[in-house]
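**Q** Take a look at this one; I'll ask things after.
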Amino acid sequence: MTTSPNTLRRAGDNPALLGLAGILAFGALLEVLPRVGVLPSEYFPPTSKIIAALIDEFGRGDFWQAVVGTVSTWLIGLAIAVLAGIVLGILIGSVPVLRLATASTIEFLRPIPSVALLPLAVVLFSAPIRSILLLVVYASFWQVLIQVLHGVTDVDPVARETAASYRLNRWRQARYLVWPTTLPYAMTGIRLAASVALVLTITGELLIGGTKGIGEQIAVAQSSIAVPSMYALIVVSGLIGLVANLATRRAERMVLAWHPSVRRELPL
Amino acid sequence: MTRVLGRAGLLLGLPVVLLVTWWFASAGSKSFYQPPLETIVKVFPDTWTGARFKSDVFPSLIRLFIGYGLAVALGIALGVLIGANRRLRALVEPLLEFLRAIPPPVLVPILILIAGIGNPTKVLVIVIGGIWPVLLNTVEGVRGVDEVLADTCRSYRIGGWLRLRTFILRAASPQIVVGARQALSISIIMMVIGELLGATNGLGYTVVEFQRGFQIPEMWSGVFVLGLLGVLLSLAFTLVERRVLSWYHGARAAERSGH
């Protein structure tokens with residue numbers, strides 16, 4: 001009798017096991033509640049049906065085309081936003097006059113909700129992929145730009161004076177002084193931008209349509225009222241998001257392996 | 001005096017230049033989709049004041065405030081619960097990590113299927129989008145409370161509501177505010193998406209109706225309204241934040257100057 005509370009406590013102290021238990025309990029709850037009739041089963045299919053629909057999707061060619069389509073739109077949009085954000089951020093950040101002159105414009109443009117541009121994007125571009133990319137780039141660009149702007153001003157004054165006394169030229173100062181200071185900020189911006197870009201990619205596919213993507217598959221499943229496939233596709237979008245989060249976090253840790261901040265996780 | 005003028009010039013210079021450039025570059029525009037800025041400005045007052053303000057702008061704003069308020073309140077309540085309990089946190093953390101990774105707009109079709117396109121759905125759409133940043137930041141904030149202060153509370157037997165109000169929430173408030181700010185911009189986005197996918201009135205609905213009806217200058221003016229809404233709410237949030245967190249910014253400033 002004395003061992004069981006101890007083993008229980010040991011299991012309770014293992015976060016990985018508890019986490020797994022949490023996910024399993026959630027799945028079991030969504031299996032049982034529709035079956036006993038607490039939730040209407042036509043709108044809340046039991047977990048087993050969602051998993052069956054998921055396996056069904058895995059066997060279809062157009063599902064994988066949709067995954068590839070979503071991921072490539074996401075990566076293209078993210079790449080444009082990151083490149084533009086870093087280049088403009090360093091340029092604006094290192095020239096004080098530019099910084100002052102653009103501050104009010106940036107503060108005004110940044111809070112504009114990206115979906116507000118959706119009707120514009122639809123009428124301005126005939127190709128749906130371009131409309132989606134406009135939304136993705138607009139939403140994620142600011143995340144990178146703002147972080148890079150913060151980073152450029154964070155250069156240690158002593159290091160700056162040291163660089164000046166060693167007569168490092170402009171390029172070398174940018175390379176050995178500004179860039180290493182900015183990089184951690186830029187990586188934070190990229191991590192935030194990656195998740196925003198994915199949300200906007202799938203949203204754009206859902207609302208604009210016309211491209212191969214998970215969002216469009218959800219819209220198709222919705223119009224044919226294929227409820228279990230809708231849930232299965234939502235699970236897939238969550239899994240893509242999860243992989244994206246893990247990948248950007250890992251990339252951040254790899255790129256910044258030399259930086260002290262990697263050792264203590266900064267709450268952001 | 002010249003310094004003040006110089007600052008004002010830097011602050012207003014670029015926006016003025018951009019607007020003037022747009023005004024003249026688009027002045028003679030024959031392009032159907034890119035009307036002259038002059039036309040957009042002209043249709044603006046007729047489009048957005050009077051009847052339409054009452055029938056479309058006002059309902060949207062009400063839904064936004066209710067949805068945002070619920071998201072913040074629920075996020076803080078659940079966040080305190082999860083953040084203060086180590087076991088519970090270990091139990092739900094991977095699940096939350098997954099649920100958060102689902103782009104909220106994909107849940108909108110499901111919600112419409114379940115609850116129709118009434119006001120409750122549109123508020124719910126805002127809540128499911130806005131709750132995540134508040135919840136996760138509250139969990140982090142509550143988890144990171146000062147241990148010495150926690151022990152002090154325990155020795156003085158400060159517990160229950162008093163402990164929650166004067167210690168836990170106070171200590172976590174800088175983090176909670178960060179989450180609430182992110183939630184605000186997500187809420188606006190979710191409001192528009194909810195109205196795009198299923199609605200009979202509202203800002204997002206009206207703008208898309210203009211687009212489908214090829215009323216292009218009116219559509220542009222609607223985009224302006226949405227942009228203005230985002231900017232004004234973000235400004236209002238900054239003002240509220242400055243009041244709520246004045247003690248925190250003051251303490252940080254004192255720390256930096258070495259007191």
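The chains in the structure tokens are called A, B, ... from first to last as shown; in each chain the residues are counted from 1, and the ligands are counted from 1 in the order shown.
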Write down, as an mmCIF file with N, CA and C atoms, in the first residue's frame, each residue of chain B that has any atom within 7 Å of an atom of chain A, counting only C-alpha atoms.
**A**
```cif
data_model
loop_
_atom_site.group_PDB
_atom_site.id
_atom_site.type_symbol
_atom_site.label_atom_id
_atom_site.label_comp_id
_atom_site.auth_asym_id
_atom_site.auth_seq_id
_atom_site.Cartn_x
_atom_site.Cartn_y
_atom_site.Cartn_z
ATOM 1 N N LEU B 10 10.292 66.007 -39.231
ATOM 2 C CA LEU B 10 10.681 64.601 -39.364
ATOM 3 C C LEU B 10 9.499 63.671 -39.106
ATOM 4 N N LEU B 11 8.672 64.073 -38.116
ATOM 5 C CA LEU B 11 7.544 63.235 -37.736
ATOM 6 C C LEU B 11 6.488 63.199 -38.840
ATOM 7 N N GLY B 13 6.886 64.623 -42.003
ATOM 8 C CA GLY B 13 7.407 64.752 -43.359
ATOM 9 C C GLY B 13 7.059 63.597 -44.262
ATOM 10 N N LEU B 14 7.480 62.389 -43.859
ATOM 11 C CA LEU B 14 7.293 61.228 -44.719
ATOM 12 C C LEU B 14 5.816 60.924 -44.995
ATOM 13 N N PRO B 15 4.955 60.902 -43.940
ATOM 14 C CA PRO B 15 3.540 60.648 -44.240
ATOM 15 C C PRO B 15 2.973 61.646 -45.239
ATOM 16 N N TYR B 33 -9.381 49.617 -60.886
ATOM 17 C CA TYR B 33 -9.135 49.109 -59.539
ATOM 18 C C TYR B 33 -8.306 50.061 -58.685
ATOM 19 N N ARG B 87 1.640 20.605 -11.581
ATOM 20 C CA ARG B 87 1.183 19.356 -12.200
ATOM 21 C C ARG B 87 0.246 19.638 -13.371
ATOM 22 N N ALA B 90 2.115 20.723 -16.366
ATOM 23 C CA ALA B 90 2.749 19.626 -17.097
ATOM 24 C C ALA B 90 1.715 18.832 -17.880
ATOM 25 N N LEU B 91 0.509 18.724 -17.307
ATOM 26 C CA LEU B 91 -0.555 17.938 -17.939
ATOM 27 C C LEU B 91 -1.040 18.598 -19.235
ATOM 28 N N VAL B 92 -1.244 19.918 -19.206
ATOM 29 C CA VAL B 92 -1.892 20.555 -20.361
ATOM 30 C C VAL B 92 -0.909 21.233 -21.319
ATOM 31 N N GLU B 93 0.368 21.381 -20.932
ATOM 32 C CA GLU B 93 1.264 22.183 -21.760
ATOM 33 C C GLU B 93 1.403 21.678 -23.215
ATOM 34 N N PRO B 94 1.674 20.358 -23.424
ATOM 35 C CA PRO B 94 1.781 19.905 -24.817
ATOM 36 C C PRO B 94 0.472 20.071 -25.587
ATOM 37 N N LEU B 95 -0.652 19.861 -24.891
ATOM 38 C CA LEU B 95 -1.951 20.026 -25.536
ATOM 39 C C LEU B 95 -2.150 21.478 -25.981
ATOM 40 N N PHE B 98 -0.174 22.373 -28.996
ATOM 41 C CA PHE B 98 -0.798 21.940 -30.243
ATOM 42 C C PHE B 98 -1.983 22.832 -30.604
ATOM 43 N N LEU B 99 -2.871 23.091 -29.625
ATOM 44 C CA LEU B 99 -4.067 23.874 -29.924
ATOM 45 C C LEU B 99 -3.693 25.280 -30.386
ATOM 46 N N ALA B 101 -1.109 26.055 -32.051
ATOM 47 C CA ALA B 101 -0.512 26.011 -33.383
ATOM 48 C C ALA B 101 -1.571 25.981 -34.481
ATOM 49 N N ILE B 102 -2.817 25.668 -34.130
ATOM 50 C CA ILE B 102 -3.882 25.672 -35.143
ATOM 51 C C ILE B 102 -4.195 27.124 -35.498
ATOM 52 N N PRO B 103 -4.087 27.493 -36.784
ATOM 53 C CA PRO B 103 -4.443 28.864 -37.145
ATOM 54 C C PRO B 103 -5.919 29.108 -36.824
ATOM 55 N N PRO B 105 -8.291 31.053 -37.802
ATOM 56 C CA PRO B 105 -9.325 31.196 -38.844
ATOM 57 C C PRO B 105 -9.874 29.873 -39.374
ATOM 58 N N VAL B 106 -9.100 28.763 -39.316
ATOM 59 C CA VAL B 106 -9.627 27.510 -39.861
ATOM 60 C C VAL B 106 -10.748 26.955 -38.984
ATOM 61 N N PRO B 109 -15.052 27.977 -40.088
ATOM 62 C CA PRO B 109 -16.066 27.166 -40.772
ATOM 63 C C PRO B 109 -16.761 26.177 -39.850
ATOM 64 N N ILE B 114 -21.573 24.694 -36.547
ATOM 65 C CA ILE B 114 -22.178 24.320 -35.270
ATOM 66 C C ILE B 114 -23.205 25.351 -34.813
ATOM 67 N N SER B 185 -4.649 42.839 -31.555
ATOM 68 C CA SER B 185 -4.538 42.849 -33.015
ATOM 69 C C SER B 185 -5.127 41.577 -33.618
ATOM 70 N N ILE B 188 -8.968 41.953 -33.827
ATOM 71 C CA ILE B 188 -9.464 42.729 -34.971
ATOM 72 C C ILE B 188 -9.467 41.853 -36.220
ATOM 73 N N ILE B 189 -8.382 41.096 -36.404
ATOM 74 C CA ILE B 189 -8.291 40.225 -37.576
ATOM 75 C C ILE B 189 -9.417 39.190 -37.555
ATOM 76 N N VAL B 208 -16.345 43.557 -48.158
ATOM 77 C CA VAL B 208 -16.374 42.504 -49.182
ATOM 78 C C VAL B 208 -17.559 42.686 -50.130
ATOM 79 N N GLN B 211 -16.467 45.033 -52.638
ATOM 80 C CA GLN B 211 -15.554 44.398 -53.591
ATOM 81 C C GLN B 211 -16.340 43.585 -54.611
ATOM 82 N N VAL B 223 -11.222 49.819 -46.540
ATOM 83 C CA VAL B 223 -9.885 49.396 -46.103
ATOM 84 C C VAL B 223 -9.284 50.473 -45.187
ATOM 85 N N LEU B 226 -10.850 50.138 -41.706
ATOM 86 C CA LEU B 226 -10.271 49.026 -40.946
ATOM 87 C C LEU B 226 -8.870 49.377 -40.459
ATOM 88 N N GLY B 227 -8.078 50.005 -41.327
ATOM 89 C CA GLY B 227 -6.732 50.400 -40.940
ATOM 90 C C GLY B 227 -6.758 51.401 -39.803
ATOM 91 N N GLY B 230 -7.542 49.767 -36.525
ATOM 92 C CA GLY B 230 -6.374 49.113 -35.949
ATOM 93 C C GLY B 230 -5.451 50.124 -35.292
ATOM 94 N N VAL B 231 -5.207 51.244 -35.968
ATOM 95 C CA VAL B 231 -4.283 52.249 -35.446
ATOM 96 C C VAL B 231 -4.837 52.887 -34.178
ATOM 97 N N SER B 234 -4.793 50.492 -31.188
ATOM 98 C CA SER B 234 -3.429 50.284 -30.697
ATOM 99 C C SER B 234 -2.963 51.490 -29.887
#
```
**Q** Residues within 10 Å of Thr121 (chain B), please, as a list in words. Count only C-alpha atoms; anything in the same chain fewer than 2 positions from it doesn't count.
**A**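 Once the nearby chain positions are removed, what remains is Arg63, Val108, Leu111, Ile112, Leu113, Ile114, Ala115, Gly116, Ile117, Gly118, Asn119, Val123, Leu124, Val125, Ile126, Val127, Gly194, Gly198 and Ala199 of chain B.
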**Q** Which residues of region 120-164 of chain A come within 6 Å of region 71-79 of chain A, and what is each one's closest atom pair and distance in Å (one decimal), counting only C-alpha atoms, sorted by chain and residue number, as a tab-separated table?
**A**
```
residue	atom	partner	partner_atom	distance
A:Leu133	CA	A:Gly77	CA	5.6
A:Val136	CA	A:Gly77	CA	5.7
A:Val137	CA	A:Gly77	CA	5.3
```
**Q** Out of A:Pro184, A:Pro157, A:Pro260, A:Pro128, which residue has the shortest atom-to-atom distance to Gly209 (chain A) when counting only C-alpha atoms?
**A**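 Going through A:Pro184, A:Pro157, A:Pro260, A:Pro128 one by one, the smallest distance to Gly209 (chain A) is for A:Pro128.
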